[in-house]
Structures are given as structure tokens and as C-alpha cells.
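Student: Sharing start_26.cif here; it has mmCIF, C-alpha atoms.
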```cif
data_my_file
#
loop_
_atom_site.label_atom_id
_atom_site.label_comp_id
_atom_site.auth_asym_id
_atom_site.auth_seq_id
_atom_site.Cartn_x
_atom_site.Cartn_y
_atom_site.Cartn_z
CA MET O 1 52.24 129.89 115.51
CA ASN O 2 49.17 131.87 114.51
CA ILE O 3 47.46 129.18 112.42
CA ASN O 4 44.47 131.37 111.58
CA ARG O 5 46.85 133.94 110.14
CA ILE O 6 48.69 131.26 108.15
CA ARG O 7 45.41 129.95 106.74
CA GLU O 8 44.76 133.38 105.22
CA ASP O 9 47.75 132.74 102.92
CA PHE O 10 45.95 129.84 101.21
CA PRO O 11 43.04 130.97 99.00
CA GLN O 12 41.70 127.45 98.48
CA LEU O 13 40.78 127.15 102.17
CA THR O 14 37.94 129.64 101.61
CA ARG O 15 36.16 127.24 99.27
CA LYS O 16 33.06 125.37 100.45
CA VAL O 17 31.86 121.85 99.62
CA ALA O 18 28.54 120.50 100.88
CA ASP O 19 27.93 123.97 102.36
CA ARG O 20 30.99 123.58 104.59
CA PRO O 21 34.51 125.01 104.35
CA ILE O 22 36.74 122.32 102.91
CA VAL O 23 39.00 120.36 105.22
CA TYR O 24 42.11 119.57 103.21
CA LEU O 25 43.85 116.44 104.49
CA ASP O 26 45.51 115.30 101.26
CA ASN O 27 48.85 117.01 101.72
CA ALA O 28 50.94 113.90 101.06
CA ALA O 29 49.56 113.95 97.51
CA THR O 30 50.02 117.69 97.04
CA SER O 31 50.00 120.65 99.38
CA LEU O 32 48.02 123.83 98.86
CA LYS O 33 49.84 126.86 97.46
CA PRO O 34 50.23 130.14 99.37
CA ALA O 35 49.40 133.44 97.70
CA SER O 36 53.11 134.38 97.58
CA VAL O 37 53.86 131.41 95.31
CA LEU O 38 50.97 132.27 93.01
CA ALA O 39 52.12 135.89 92.92
CA ALA O 40 55.71 134.96 92.03
CA MET O 41 54.55 132.87 89.10
CA GLU O 42 52.12 135.51 87.90
CA ASP O 43 54.85 138.15 88.13
CA TYR O 44 56.98 136.14 85.72
CA TYR O 45 54.17 135.67 83.20
CA ARG O 46 53.00 139.28 83.41
CA ASN O 47 56.25 141.21 83.63
CA PHE O 48 59.31 139.39 82.29
CA CYS O 49 58.07 136.31 80.46
CA ALA O 50 60.91 135.22 78.19
CA ASN O 51 63.09 132.19 77.65
CA ILE O 52 66.18 131.76 79.79
CA HIS O 53 69.89 131.71 78.97
CA ARG O 54 71.33 132.44 75.55
CA GLY O 55 68.99 135.42 75.05
CA LYS O 56 70.71 138.81 75.42
CA HIS O 57 67.69 141.08 75.60
CA LEU O 58 66.49 142.52 78.90
CA LEU O 59 63.54 140.21 79.53
CA SER O 60 65.60 137.07 78.86
CA GLU O 61 68.31 138.27 81.21
CA GLU O 62 65.73 138.99 83.91
CA ALA O 63 64.18 135.55 83.48
CA SER O 64 67.62 133.92 83.54
CA ALA O 65 68.56 135.76 86.72
CA ALA O 66 65.34 134.69 88.43
CA PHE O 67 65.81 131.07 87.28
CA GLU O 68 69.40 130.82 88.49
CA GLY O 69 68.51 132.70 91.66
CA SER O 70 65.97 129.98 92.32
CA ARG O 71 68.74 127.40 91.96
CA GLU O 72 70.77 129.22 94.62
CA THR O 73 67.73 129.27 96.92
CA LEU O 74 67.18 125.51 96.55
CA ALA O 75 70.88 124.75 97.00
CA LYS O 76 70.98 126.64 100.30
CA PHE O 77 67.76 124.97 101.41
CA ILE O 78 69.33 121.49 101.25
CA ASN O 79 72.94 122.61 101.99
CA ALA O 80 74.25 121.75 98.55
CA LYS O 81 76.50 123.48 96.04
CA VAL O 82 74.70 125.37 93.27
CA VAL O 83 76.11 123.15 90.48
CA GLU O 84 74.71 120.09 92.29
CA VAL O 85 71.07 121.15 91.84
CA ILE O 86 69.28 120.01 88.69
CA PHE O 87 65.74 121.24 88.02
CA VAL O 88 63.27 118.49 87.13
CA ARG O 89 59.48 118.20 87.06
CA GLY O 90 59.43 116.23 90.29
CA ALA O 91 60.89 113.28 92.17
CA THR O 92 59.75 110.81 89.53
CA GLU O 93 61.63 112.56 86.76
CA GLY O 94 64.68 112.98 88.98
CA ILE O 95 64.89 109.26 89.74
CA GLY O 96 64.27 108.47 86.09
CA LEU O 97 67.12 110.77 85.08
CA VAL O 98 69.52 108.90 87.36
CA ALA O 99 68.24 105.49 86.24
CA ALA O 100 68.75 106.37 82.57
CA GLY O 101 71.99 108.20 83.21
CA LEU O 102 73.62 105.21 84.91
CA LYS O 103 73.09 103.14 81.75
CA LEU O 104 71.98 100.15 83.81
CA GLN O 105 72.27 96.69 82.28
CA VAL O 106 69.81 93.79 82.36
CA ASN O 107 72.09 91.66 84.53
CA GLU O 108 72.45 94.39 87.16
CA ASN O 109 70.21 95.26 90.10
CA VAL O 110 69.08 98.06 92.39
CA VAL O 111 68.46 97.52 96.12
CA GLY O 112 65.62 99.36 97.83
CA THR O 113 62.87 98.58 100.33
CA VAL O 114 59.28 97.42 100.31
CA LEU O 115 58.27 100.91 101.54
CA GLU O 116 58.92 102.56 98.21
CA HIS O 117 56.57 104.55 96.03
CA HIS O 118 56.23 103.14 92.51
CA SER O 119 58.36 106.05 91.31
CA ASN O 120 61.30 104.62 93.25
CA ILE O 121 60.76 101.13 91.81
CA LEU O 122 59.64 101.40 88.20
CA PRO O 123 62.41 103.68 86.84
CA TRP O 124 64.93 101.05 87.96
CA ARG O 125 62.79 98.11 86.89
CA VAL O 126 62.75 99.40 83.30
CA TYR O 127 66.46 98.63 83.01
CA CYS O 128 67.34 95.91 85.51
CA ALA O 129 66.22 93.86 88.52
CA TYR O 130 64.85 95.50 91.67
CA ARG O 131 65.35 94.01 95.14
CA GLY O 132 63.19 95.30 98.00
CA ALA O 133 64.23 94.76 101.62
CA PRO O 134 61.48 93.88 104.12
CA LEU O 135 60.42 95.87 107.18
CA ARG O 136 61.35 95.36 110.80
CA PRO O 137 58.52 94.81 113.31
CA ASP O 138 58.63 98.52 114.21
CA GLY O 139 57.89 99.56 110.63
CA LEU O 140 61.38 100.72 109.65
CA PRO O 141 63.10 99.10 106.67
CA ASP O 142 65.54 96.35 107.64
CA ILE O 143 69.00 97.66 106.76
CA ALA O 144 70.68 94.33 107.54
CA ALA O 145 68.33 92.54 105.15
CA ALA O 146 69.02 95.19 102.52
CA GLU O 147 72.76 94.70 102.88
CA ALA O 148 72.29 90.97 102.36
CA LEU O 149 70.68 91.71 98.99
CA ILE O 150 73.78 93.49 97.67
CA ASP O 151 76.01 91.60 95.28
CA GLU O 152 78.64 92.39 92.65
CA HIS O 153 75.90 93.43 90.22
CA THR O 154 74.27 96.04 92.51
CA ARG O 155 74.66 99.51 90.99
CA ILE O 156 72.82 101.75 93.44
CA ILE O 157 70.77 101.71 96.65
CA SER O 158 67.63 103.83 96.54
CA ILE O 159 65.40 104.42 99.56
CA THR O 160 62.64 106.71 100.72
CA MET O 161 63.31 109.15 103.53
CA CYS O 162 59.64 109.06 104.51
CA SER O 163 56.92 106.59 103.54
CA ASN O 164 53.81 108.05 101.93
CA VAL O 165 51.73 105.20 103.42
CA THR O 166 53.01 104.50 106.93
CA GLY O 167 54.62 107.88 107.56
CA VAL O 168 57.77 106.31 109.00
CA ILE O 169 60.89 108.50 108.72
CA VAL O 170 64.10 106.67 107.82
CA ASP O 171 67.44 107.73 109.29
CA VAL O 172 69.43 108.05 106.09
CA GLU O 173 72.98 108.25 107.46
CA PRO O 174 73.37 104.54 108.35
CA TRP O 175 72.15 103.65 104.86
CA ALA O 176 74.75 105.97 103.32
CA GLU O 177 77.49 104.40 105.43
CA MET O 178 76.36 100.92 104.43
CA ALA O 179 76.18 101.80 100.73
CA HIS O 180 79.60 103.42 100.72
CA ARG O 181 81.17 100.41 102.47
CA HIS O 182 80.22 98.50 99.36
CA GLY O 183 81.32 101.28 97.01
CA ILE O 184 77.73 101.91 95.89
CA PRO O 185 75.94 105.28 95.65
CA LEU O 186 72.80 106.04 97.66
CA LEU O 187 69.77 107.87 96.28
CA VAL O 188 67.21 109.30 98.71
CA ASP O 189 63.59 109.91 97.73
CA ALA O 190 62.67 112.92 99.88
CA ALA O 191 59.43 113.73 98.08
CA GLN O 192 57.41 113.64 101.32
CA CYS O 193 59.89 115.69 103.34
CA GLY O 194 60.58 119.11 101.83
CA GLY O 195 57.57 120.87 103.35
CA HIS O 196 58.19 120.00 106.99
CA LEU O 197 61.50 118.20 107.57
CA LYS O 198 65.02 119.64 107.46
CA ILE O 199 67.16 118.22 104.67
CA ASP O 200 70.95 118.50 104.81
CA VAL O 201 72.62 116.49 102.06
CA GLU O 202 76.08 117.01 103.52
CA LYS O 203 75.03 115.55 106.86
CA MET O 204 73.05 112.76 105.20
CA LYS O 205 76.05 111.85 103.01
CA CYS O 206 73.75 110.72 100.21
CA ASP O 207 74.95 110.74 96.60
CA PHE O 208 71.60 111.71 95.06
CA LEU O 209 68.36 113.14 96.46
CA VAL O 210 65.08 114.10 94.83
CA LEU O 211 62.40 116.57 95.92
CA SER O 212 58.94 117.31 94.53
CA GLY O 213 57.96 120.96 94.73
CA HIS O 214 54.21 120.38 94.67
CA LYS O 215 54.32 118.63 98.07
CA MET O 216 56.10 121.60 99.71
CA PHE O 217 53.80 124.53 98.83
CA GLY O 218 55.31 124.81 95.34
CA PRO O 219 53.80 124.40 91.86
CA THR O 220 53.10 121.12 90.17
CA GLY O 221 55.77 120.21 87.65
CA SER O 222 58.62 121.47 89.83
CA GLY O 223 61.34 119.69 91.73
CA ILE O 224 65.05 119.06 92.00
CA LEU O 225 67.58 116.31 91.63
CA TYR O 226 70.58 116.80 93.89
CA GLY O 227 73.76 114.89 93.15
CA LYS O 228 77.35 115.05 94.24
CA ARG O 229 79.26 116.71 91.46
CA ASP O 230 81.30 113.66 90.47
CA ARG O 231 78.17 111.50 90.47
CA LEU O 232 76.28 113.92 88.22
CA GLU O 233 79.22 114.28 85.85
CA ALA O 234 79.33 110.48 85.48
CA LEU O 235 75.70 110.34 84.34
CA HIS O 236 75.01 109.96 80.65
CA PRO O 237 72.54 112.78 79.80
CA PRO O 238 69.36 110.87 78.84
CA THR O 239 68.02 113.80 76.83
CA LEU O 240 70.05 116.18 74.70
CA GLY O 241 68.90 119.32 72.96
CA GLY O 242 68.74 123.04 73.51
CA GLY O 243 70.82 124.23 76.45
CA THR O 244 72.77 121.02 77.03
CA VAL O 245 75.74 121.59 74.72
CA ASN O 246 78.30 124.30 74.05
CA ARG O 247 78.68 123.41 70.39
CA VAL O 248 77.41 121.03 67.74
CA HIS O 249 80.08 120.62 65.06
CA ALA O 250 79.75 120.22 61.32
CA ASP O 251 80.14 116.45 61.68
CA TYR O 252 77.30 116.54 64.27
CA SER O 253 79.56 115.68 67.18
CA TYR O 254 78.99 117.88 70.22
CA ASP O 255 80.57 119.28 73.36
CA LEU O 256 78.50 119.03 76.54
CA ARG O 257 77.98 122.05 78.75
CA ASP O 258 79.09 122.01 82.35
CA LEU O 259 76.77 121.11 85.19
CA PRO O 260 73.99 121.72 85.90
CA TRP O 261 72.84 122.66 82.39
CA ARG O 262 73.97 119.49 80.59
CA LEU O 263 71.17 117.65 82.43
CA GLU O 264 68.45 120.26 81.76
CA ALA O 265 67.42 119.83 78.14
CA GLY O 266 65.01 122.21 76.44
CA THR O 267 62.90 125.01 77.86
CA PRO O 268 62.03 124.27 81.49
CA ASP O 269 58.92 125.35 83.34
CA ILE O 270 60.44 128.67 84.29
CA ALA O 271 57.42 129.91 86.22
CA ALA O 272 57.30 126.70 88.26
CA VAL O 273 60.98 126.99 89.17
CA ILE O 274 60.42 130.58 90.29
CA GLY O 275 57.36 129.44 92.22
CA LEU O 276 59.36 126.68 93.90
CA ALA O 277 61.89 129.19 95.16
CA ALA O 278 59.02 131.31 96.50
CA ALA O 279 57.71 128.21 98.29
CA VAL O 280 61.10 127.70 99.94
CA GLU O 281 61.09 131.32 101.08
CA TYR O 282 57.62 130.78 102.52
CA ILE O 283 58.82 127.71 104.43
CA LYS O 284 61.82 129.63 105.74
CA GLY O 285 59.52 132.43 106.87
CA LEU O 286 57.43 130.02 108.94
CA GLY O 287 60.40 127.96 110.11
CA LEU O 288 60.82 124.26 109.45
CA GLU O 289 61.05 123.41 113.14
CA GLN O 290 57.80 125.25 113.83
CA ILE O 291 56.07 123.54 110.91
CA GLU O 292 57.19 120.10 112.03
CA ALA O 293 56.14 120.77 115.64
CA GLN O 294 52.65 121.81 114.51
CA VAL O 295 52.30 118.81 112.20
CA GLN O 296 53.49 116.41 114.90
CA LYS O 297 51.04 117.84 117.42
CA LEU O 298 48.16 117.42 115.01
CA CYS O 299 49.32 113.94 114.03
CA GLY O 300 48.95 112.74 117.61
CA SER O 301 45.36 113.95 117.63
CA LEU O 302 44.68 112.48 114.19
CA GLU O 303 45.99 109.06 115.14
CA ALA O 304 44.02 109.07 118.40
CA CYS O 305 40.75 109.87 116.61
CA VAL O 306 41.34 107.05 114.11
CA ASP O 307 42.53 104.46 116.63
CA ARG O 308 39.45 104.76 118.81
CA LEU O 309 37.13 103.77 115.97
CA PRO O 310 36.10 100.11 115.53
CA GLY O 311 36.92 98.12 112.43
CA ILE O 312 40.05 100.10 111.62
CA ARG O 313 43.45 98.66 110.74
CA SER O 314 46.14 101.33 111.05
CA CYS O 315 49.36 101.23 109.02
CA SER O 316 51.30 103.42 111.46
CA PRO O 317 54.76 102.38 112.67
CA ALA O 318 55.36 101.27 116.26
CA ALA O 319 55.09 103.80 119.09
CA GLY O 320 58.29 105.75 119.53
CA VAL O 321 59.36 105.48 115.89
CA ARG O 322 59.78 108.86 114.26
CA ARG O 323 57.07 109.48 111.71
CA THR O 324 55.53 112.29 109.74
CA GLY O 325 52.05 113.76 109.82
CA LEU O 326 49.92 111.20 108.07
CA VAL O 327 47.74 108.30 109.08
CA SER O 328 46.72 105.51 106.69
CA PHE O 329 44.23 102.83 107.58
CA GLY O 330 42.23 100.04 106.02
CA LEU O 331 38.93 98.51 107.00
CA GLU O 332 39.24 95.16 108.72
CA ASP O 333 36.37 93.55 106.81
CA GLU O 334 37.40 95.23 103.51
CA VAL O 335 33.81 95.05 102.23
CA PHE O 336 33.95 98.68 101.12
CA SER O 337 36.95 100.09 99.30
CA ALA O 338 39.05 102.95 100.57
CA ASP O 339 37.98 104.93 97.50
CA TYR O 340 34.33 104.62 98.53
CA ILE O 341 35.02 105.91 102.05
CA THR O 342 37.06 108.76 100.60
CA ARG O 343 34.27 109.84 98.29
CA LEU O 344 31.70 109.80 101.10
CA LEU O 345 33.92 112.03 103.22
CA SER O 346 34.39 114.41 100.30
CA ASP O 347 30.85 114.77 99.02
CA SER O 348 29.00 114.58 102.32
CA TYR O 349 31.41 116.40 104.63
CA GLY O 350 33.82 118.43 102.47
CA ILE O 351 36.81 116.48 103.81
CA MET O 352 39.55 115.79 101.28
CA VAL O 353 41.55 112.65 102.03
CA ARG O 354 43.15 110.09 99.73
CA GLY O 355 41.94 106.55 99.12
CA GLY O 356 43.58 103.68 97.30
CA TYR O 357 47.09 102.27 97.18
CA HIS O 358 49.00 105.58 97.00
CA CYS O 359 51.29 104.24 94.26
CA ALA O 360 52.57 101.61 96.69
CA HIS O 361 51.01 98.30 95.64
CA PRO O 362 53.93 96.15 96.87
CA LEU O 363 53.71 97.70 100.35
CA HIS O 364 49.95 97.13 100.62
CA GLU O 365 50.44 93.54 99.49
CA TYR O 366 53.24 93.13 102.04
CA LEU O 367 50.91 94.46 104.76
CA GLY O 368 48.11 92.14 103.62
CA ILE O 369 45.69 94.95 102.71
CA LYS O 370 43.68 94.13 99.60
CA SER O 371 41.24 97.02 99.15
CA GLY O 372 43.56 99.95 99.72
CA THR O 373 43.81 102.43 102.55
CA VAL O 374 42.35 105.78 103.47
CA ARG O 375 45.11 108.33 104.09
CA ALA O 376 44.74 111.61 105.95
CA SER O 377 47.84 113.78 105.74
CA LEU O 378 48.59 117.06 107.47
CA GLN O 379 50.24 120.39 106.85
CA VAL O 380 50.81 123.47 108.96
CA TYR O 381 47.47 125.09 108.04
CA ASN O 382 45.40 122.24 109.48
CA THR O 383 43.74 122.72 112.87
CA ASP O 384 42.59 120.77 115.91
CA GLU O 385 39.01 121.64 114.99
CA GLU O 386 39.46 120.04 111.56
CA ILE O 387 40.86 116.87 113.13
CA GLU O 388 37.92 116.66 115.52
CA TYR O 389 35.47 117.21 112.67
CA PHE O 390 37.21 114.53 110.60
CA GLY O 391 36.91 112.09 113.50
CA HIS O 392 33.16 112.66 113.83
CA ALA O 393 32.63 112.43 110.06
CA LEU O 394 34.67 109.25 109.76
CA ALA O 395 32.74 107.66 112.63
CA SER O 396 29.47 108.49 110.90
CA VAL O 397 30.65 107.10 107.57
CA LEU O 398 31.91 103.88 109.15
CA LYS O 399 28.65 103.43 111.03
CA MET O 400 26.76 103.97 107.78
CA VAL O 401 28.74 101.40 105.81
CA ALA O 402 28.60 98.94 108.71
CA VAL O 403 24.85 98.66 108.24
CA GLY O 404 25.16 98.48 104.47
CA GLY O 405 24.20 102.09 103.81
CA ARG O 406 25.19 103.60 100.52
CA VAL O 407 24.97 107.33 100.06
CA GLY O 408 24.56 108.54 96.50
CA ILE O 409 27.88 109.80 95.22
#
```
Would you write the structure of this file as C-alpha cells?

Tutor:
Amino acid sequence: MNINRIREDFPQLTRKVADRPIVYLDNAATSLKPASVLAAMEDYYRNFCANIHRGKHLLSEEASAAFEGSRETLAKFINAKVVEVIFVRGATEGIGLVAAGLKLQVNENVVGTVLEHHSNILPWRVYCAYRGAPLRPDGLPDIAAAEALIDEHTRIISITMCSNVTGVIVDVEPWAEMAHRHGIPLLVDAAQCGGHLKIDVEKMKCDFLVLSGHKMFGPTGSGILYGKRDRLEALHPPTLGGGTVNRVHADYSYDLRDLPWRLEAGTPDIAAVIGLAAAVEYIKGLGLEQIEAQVQKLCGSLEACVDRLPGIRSCSPAAGVRRTGLVSFGLEDEVFSADYITRLLSDSYGIMVRGGYHCAHPLHEYLGIKSGTVRASLQVYNTDEEIEYFGHALASVLKMVAVGGRVGI
């Protein structure tokens, strides 16, 4: 891959901080957006900005065609049927839609893992109990322990496909087989996967899956909920309004529309949906296998540069376990917070990484890390030179804090 050519697609990479070109290593939080995505969104706002569906004038029909064309693009991307793709603002909203739609009861429970992002814990916890399975020594979630947590009150199993802290990638198929043995649906949080891992919902045999567009070159406020048709039809629509019904009668009863529209209330972010489809086309143009290979190559270098530094406690899974392109680490003495290290790297070196708990407090507590972790996460536009520069900068920052130095920030 011609990485220098790819970098030209991302305008933000031309920006400088501290008189240096930025080094963007915060891709697990949100990826940068290529010019083609920005252009697709601008085209909608400039040339055919109108509301979708129901309108019969030209601009509305053009907007509707682009919106539903985006649905077809996303369905093909994950090997789903078109009616099985629901547009949401991101993985959080998608999980929340399922949690509300199942009409969970207080005496029921959801089984997950300790790896989960808060967005795959709290939407369930609002309605019922949440049970998190521990990790195996290699960093993968313990499927046997998860199965032991299932009882007659378990309504759904919900797991991440890829941890946003450890980077471990979970093989979903055994979890689907286990869930279905118990007659329970499986939801997969694939928020960290869309930009560099192939997703095939038919092969995975999951019942639900969520994606966040902003982590896969797409706009913020975009994403999808996938669900098997019968599973989606069984959901109680948590929000009703414009676009969700065929008719409201004189007695105020109503007839729901078919899927997918019954679960998409009100005016969506049309430009973001169009931008998400453009992001998928961009990914297809580069090739998912090529993206993953580049990210994996860089991840080896990133982990090596972190591991050779003193006073570091890595959160990476065991060697040989499949993982994605991120490295999270804490400081062994925990005198300085991860946020402090992150700000030093940003303001003094122009390196953008993430510090804190990454919306995964239970996992950090499970790992015994009190002051958060620094996370560097990769995407296809990152380079070996950036990794080397990050390693030198991190070494300098750690040396500085080791002697009690505080740089003004």
C-alpha cells in the first residue's frame, strides 16, 4: 500500500501542533475522515438537501434514494439483508434500542463479559441485572464462565468483538453456538471493528450487531444496528413518531410500518448516513485485508516500543492471541495519571493518544489499574516513522515524570 498517497486523503494530517505535524494515534476513539466522505456529505447539503421518504418532489426523492442506497451499501458490507439494517447514531444507541425493545424486567438479567465498554453494560443495567464473565489468563473472555452465569431469567448475551482497552479480538461463533443452545439471542458490539476487520453476520450467526460509523472513517452520529428479521420484528419500538407508522387512526391507534422504518423514528441524520456509505466505499477501495495487514504490522512495532520502556504495565493479551491495532498501558507507580501523560504528549510533541479509563471502569478495576491507561490506537494512515517518534517522545515524557518534572500544560 502507498501510505503516503493514502495520507493525502485525510486533510487533518496536514495540521501542525507544537510546530510539528500531528501524529494521530486516537483511532479507537474516532478515526479521521477522508476527503471523499466530507465531499459526499457536502454534496447532500449543497445539491439535494431535503427530508427523506413521504416527500414526492424531486429533491426529496433524490435524498430518499441516496439514504436507501446507503442502507444497501451497509447491508452488503456486513453480508446482511437490507431490511435487517437499522440506522442509528452509533453503537450506544443501537444497544439501547435493543435493550428497550426487549422490554426487560427487573428480575431478568443479561450476560456479558468484564471486557465491555460502558455502552454494552449500562443500557442493560437500566432495566435489569448485568452479569460479567471474567477473563482467561490469555486475555480472552471465559466462555465457560459466561455459560455458568446463564439461568432461566437470562434474556440475551451481549459481548464485544474487540476490546477498546486490551485490543483482544473475540471469536464470536462459539459464543453464538453457546447462546443458541440455551435459546438466547447474541448481540455483538463491533464498534471497534468496522474500519479494519471483516464482518460477516451470516458466518458469525449473531442475532444482533452494532457498528459505529465514526470509528470507520465515517461521520460522528452514524452507525447501524443489524438484527435478524424475526428478532427485529419482536422488538417493541422504543420511540414512535414520524416515519414509523403507516396510519394513525381517529381513535389514535396505529399501524406500524414494516422493517426497517418502524425502528427509525423522526428525521435521521441524512448527511451522516450518506457519509457512512461513502466511508464503506473508501474501505472497500483500500481493501479490508490490506488495511488489517498494515495495522497489524504497525501494532507489532508499537507494542515493541512500549514494552522496552521501564515502569510500564501493558494491558495487551498474551502472545499469539489475535488482537487489533492498539496498545494500552498504565504506569507501575501510578503517581501520574494517564491523562497527564496524554496531555504532555499532545502539547509538547503533537501526538494524539487517549488517556483515562476508555469507558471501561470495570475492566480497569479487574486489571487492578487505578489511575487509568494511556492508549495508542492505529489506522491505515499511520506510519513506522510516527511509531518511532511516539516511542522517543514517550520515553522522554516518562523520564521527565520519573524525576518529578512537570511541564506547563

Student: Which residue is closest to O:Phe77? Choose from O:Gly287, O:Pro268, O:Pro185, O:Pro34 and count only C-alpha atoms.

Tutor: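 Looking at the shortest contact to O:Phe77, the residue is O:Gly287.
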
Student: Within 6 Å of O:Ala91, counting only C-alpha atoms, which residues qualify if same-chain residues fewer than 3 places away don't, as number ranges by chain?

Tutor: O: 94, 210-212

Student: Need the neighbours of (39.4, 112.7, 119.4): which residues are at most 6 Å away, counting all atoms listed in the file, as a list in words?

Tutor: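 Residues satisfying the cut-off, written out: Ala304, Cys305 and Glu388 of chain O.
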
Student: Compare O:Leu331, O:Val295, O:Ala402, O:Ala100 by their minimum atom-to-atom distance to O:Leu197, counting all atoms listed in the file, and give me the closest one.

Tutor: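 Once distances to O:Leu197 are computed over all atoms listed in the file, the minimum belongs to O:Val295.
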
Student: List as a ChimeraX atom specification the protein and nucleic acid residues near O:Leu259, meaning an atom at most 9 Å away when all atoms listed in the file are counted, but skip any in the same chain fewer than 5 places from it.

Tutor: /O:83-86,229,232-233

Student: Could you give me, as a Markdown table, every stretch 157-215 of chain O residue with an atom at most 10 Å from stretch 124-135 of chain O, plus its closest atom pair and distance in Å to one decimal, counting all atoms listed in the file, rows ordered by chain then number?

Tutor:
```
| residue | atom | partner | partner_atom | distance |
| --- | --- | --- | --- | --- |
| O:Ile157 | CA | O:Arg131 | CA | 9.5 |
| O:Ser158 | CA | O:Trp124 | CA | 9.4 |
| O:Ile159 | CA | O:Gly132 | CA | 9.5 |
```
